[in-house]
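Here is the structure we will look at.
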Amino acid sequence: MLGRLNRGNAQPYVLGLFRVVVGLLFACHGAASLFGVLGGAAGSGGTIDAGTWPGWYAAVIQLVGGGLVLLGLATRPAAVISSGSMAYAYFKVHQPVALWPMENGGEASVMFCWAFLLLAFTGSGAFGLDRLLARRNSEQEQSAPERQTPVAA
């Protein structure tokens, strides 16, 4: 079975789909907290007051970081910042309540933290704008005529 998975070269496509799903879910959390959609902040139907620490800033990171990861644009830096924000959320909000994520309600924070850390190391995979822009830049560099600089004697 492993041979079939490796032979098909599906890894970039599965990684791209993983990135899209994780980014979408993360952006939805931010949109819920900032705009009151999808159940609102913490399922209350409301929003987080602008500028409140750390909730509003976390929601902005969730919306922007999730959107960038979803699009595959600046995936690695967005993933590093998003991962760090979820590590902060876990250790500041959830871990003081109890040690294990099952006990303290921090499972989503832990999963997002590790998913974004994985994306920070692997990159965007297939379907990402990062990859499209890199391909376009390399094609432009290859098609540009070589410029020769005059040599002064």
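Residue numbering restarts at 1 in every chain; chains get A, B, ... in the order shown in the structure tokens, and ligands count up from 1 in that same order.
When the distance limit is 12 Å and only C-alpha atoms are what count, the residues near stretch 87-102 of chain A, minus those fewer than 3 positions from it on the same chain, are A:Trp53, A:Pro54, A:Gly55, A:Tyr57, A:Ala58, A:Ala59, A:Ile61, A:Gln62, A:Val80, A:Ile81, A:Ser82, A:Ser83, A:Gly84, A:Gly105, A:Gly106, A:Glu107, A:Ala108, A:Ser109, A:Val110, A:Met111, A:Phe112, A:Cys113, A:Trp114, A:Ala115, A:Phe116, A:Leu117.
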Could you write out the selected residues, including N, CA, C and O atoms, as a compact mmCIF listing (two decimals), in the first residue's frame?
```txt
# COMPACT_ATOMS: atom_id res chain seq x y z
N TRP A 53 -7.24 42.46 24.69
CA TRP A 53 -6.13 41.50 24.72
C TRP A 53 -6.55 40.27 25.47
O TRP A 53 -7.14 40.40 26.54
N PRO A 54 -6.24 39.11 25.04
CA PRO A 54 -5.63 38.71 23.78
C PRO A 54 -6.65 38.30 22.73
O PRO A 54 -6.29 38.04 21.59
N GLY A 55 -7.93 38.26 23.11
CA GLY A 55 -8.95 37.68 22.24
C GLY A 55 -9.09 38.32 20.87
O GLY A 55 -9.17 37.64 19.85
N TYR A 57 -6.93 40.22 19.21
CA TYR A 57 -5.71 40.02 18.42
C TYR A 57 -5.61 38.58 17.92
O TYR A 57 -5.18 38.33 16.79
N ALA A 58 -6.01 37.64 18.75
CA ALA A 58 -6.02 36.24 18.33
C ALA A 58 -7.00 36.04 17.18
O ALA A 58 -6.71 35.32 16.22
N ALA A 59 -8.16 36.69 17.25
CA ALA A 59 -9.16 36.56 16.19
C ALA A 59 -8.65 37.15 14.87
O ALA A 59 -8.91 36.60 13.80
N ILE A 61 -5.46 37.31 13.99
CA ILE A 61 -4.48 36.34 13.51
C ILE A 61 -5.20 35.15 12.89
O ILE A 61 -4.79 34.64 11.84
N GLN A 62 -6.28 34.70 13.51
CA GLN A 62 -7.03 33.57 12.97
C GLN A 62 -7.61 33.90 11.60
O GLN A 62 -7.50 33.10 10.67
N VAL A 80 3.69 29.99 10.85
CA VAL A 80 4.50 30.17 12.07
C VAL A 80 3.77 31.06 13.06
O VAL A 80 3.67 30.74 14.25
N ILE A 81 3.23 32.18 12.58
CA ILE A 81 2.51 33.11 13.47
C ILE A 81 1.25 32.45 14.02
O ILE A 81 0.94 32.57 15.22
N SER A 82 0.52 31.75 13.17
CA SER A 82 -0.70 31.07 13.62
C SER A 82 -0.39 29.98 14.63
O SER A 82 -1.10 29.83 15.63
N SER A 83 0.66 29.22 14.40
CA SER A 83 1.07 28.18 15.33
C SER A 83 1.44 28.78 16.69
O SER A 83 1.02 28.28 17.74
N GLY A 84 2.19 29.85 16.66
CA GLY A 84 2.57 30.52 17.90
C GLY A 84 1.39 31.06 18.66
O GLY A 84 1.33 30.98 19.89
N GLY A 105 -10.16 21.57 27.59
CA GLY A 105 -10.81 22.15 26.42
C GLY A 105 -9.86 22.72 25.39
O GLY A 105 -10.28 23.49 24.53
N GLY A 106 -8.61 22.35 25.46
CA GLY A 106 -7.61 22.92 24.57
C GLY A 106 -7.26 22.08 23.36
O GLY A 106 -6.26 22.33 22.70
N GLU A 107 -8.09 21.09 23.03
CA GLU A 107 -7.76 20.20 21.91
C GLU A 107 -7.63 20.95 20.59
O GLU A 107 -6.71 20.71 19.82
N ALA A 108 -8.55 21.88 20.32
CA ALA A 108 -8.49 22.63 19.05
C ALA A 108 -7.21 23.46 18.99
O ALA A 108 -6.55 23.51 17.94
N SER A 109 -6.84 24.09 20.09
CA SER A 109 -5.61 24.89 20.10
C SER A 109 -4.39 24.03 19.82
O SER A 109 -3.52 24.42 19.04
N VAL A 110 -4.33 22.87 20.43
CA VAL A 110 -3.19 21.97 20.23
C VAL A 110 -3.15 21.48 18.79
O VAL A 110 -2.09 21.48 18.14
N MET A 111 -4.29 21.05 18.26
CA MET A 111 -4.32 20.54 16.89
C MET A 111 -3.96 21.63 15.88
O MET A 111 -3.19 21.38 14.95
N PHE A 112 -4.50 22.83 16.04
CA PHE A 112 -4.14 23.92 15.13
C PHE A 112 -2.66 24.26 15.25
O PHE A 112 -1.99 24.50 14.25
N CYS A 113 -2.16 24.30 16.48
CA CYS A 113 -0.74 24.61 16.68
C CYS A 113 0.15 23.65 15.91
O CYS A 113 1.05 24.06 15.17
N TRP A 114 -0.09 22.36 16.06
CA TRP A 114 0.75 21.37 15.39
C TRP A 114 0.50 21.30 13.89
O TRP A 114 1.44 21.08 13.11
N ALA A 115 -0.73 21.52 13.46
CA ALA A 115 -1.02 21.53 12.02
C ALA A 115 -0.29 22.69 11.35
O ALA A 115 0.31 22.52 10.27
N PHE A 116 -0.30 23.85 11.97
CA PHE A 116 0.39 25.00 11.39
C PHE A 116 1.90 24.83 11.46
O PHE A 116 2.62 25.26 10.56
N LEU A 117 2.39 24.20 12.51
CA LEU A 117 3.83 23.94 12.57
C LEU A 117 4.25 23.01 11.43
O LEU A 117 5.29 23.21 10.80
```
Checklist entry - stretch 50-98 of chain A: which residues are alpha helix (DSSP H) by DSSP, as a ChimeraX atom specification? => result /A:55-71,75-89
Checklist outcome for this item: Residue with the minimum atom-to-atom distance to A:Val64, picked from A:Ala79, A:Leu15, A:Ala10, A:Ala50 with only C-alpha atoms counted, is A:Ala79
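The gap separating atom CA of A:Gly23 from atom CA of A:Gly39 is 18.4 Å, in Å to one decimal.
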Next on the checklist: What's the separation between atom CA of A:Gly30 and atom CA of A:Asp49, in Å to one decimal place?
Outcome noted: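 Computing the Euclidean distance for atom CA of A:Gly30 and atom CA of A:Asp49 yields 12.9 Å.
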Item to check | Minimum-distance residue to A:Phe35, chosen among A:Val60, A:Gly66, A:Val20, A:Gln11 (using only C-alpha atoms) | outcome: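 Using only C-alpha atoms, the shortest distance to A:Phe35 belongs to A:Val60.
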Checklist entry - Using only C-alpha atoms, which of A:Ser143, A:Thr75, A:Asn104, A:Ser138 sits nearest A:Val22? => result A:Thr75
Item to check | Computed interatomic separation between atom CA of A:Met86 and atom CA of A:Phe127 (Å) | outcome: 24.9 Å
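Closest approach to A:Ala120 among A:Ala134, A:Leu63, A:Val37, A:Val69 is made by A:Val69 (distances from only C-alpha atoms).
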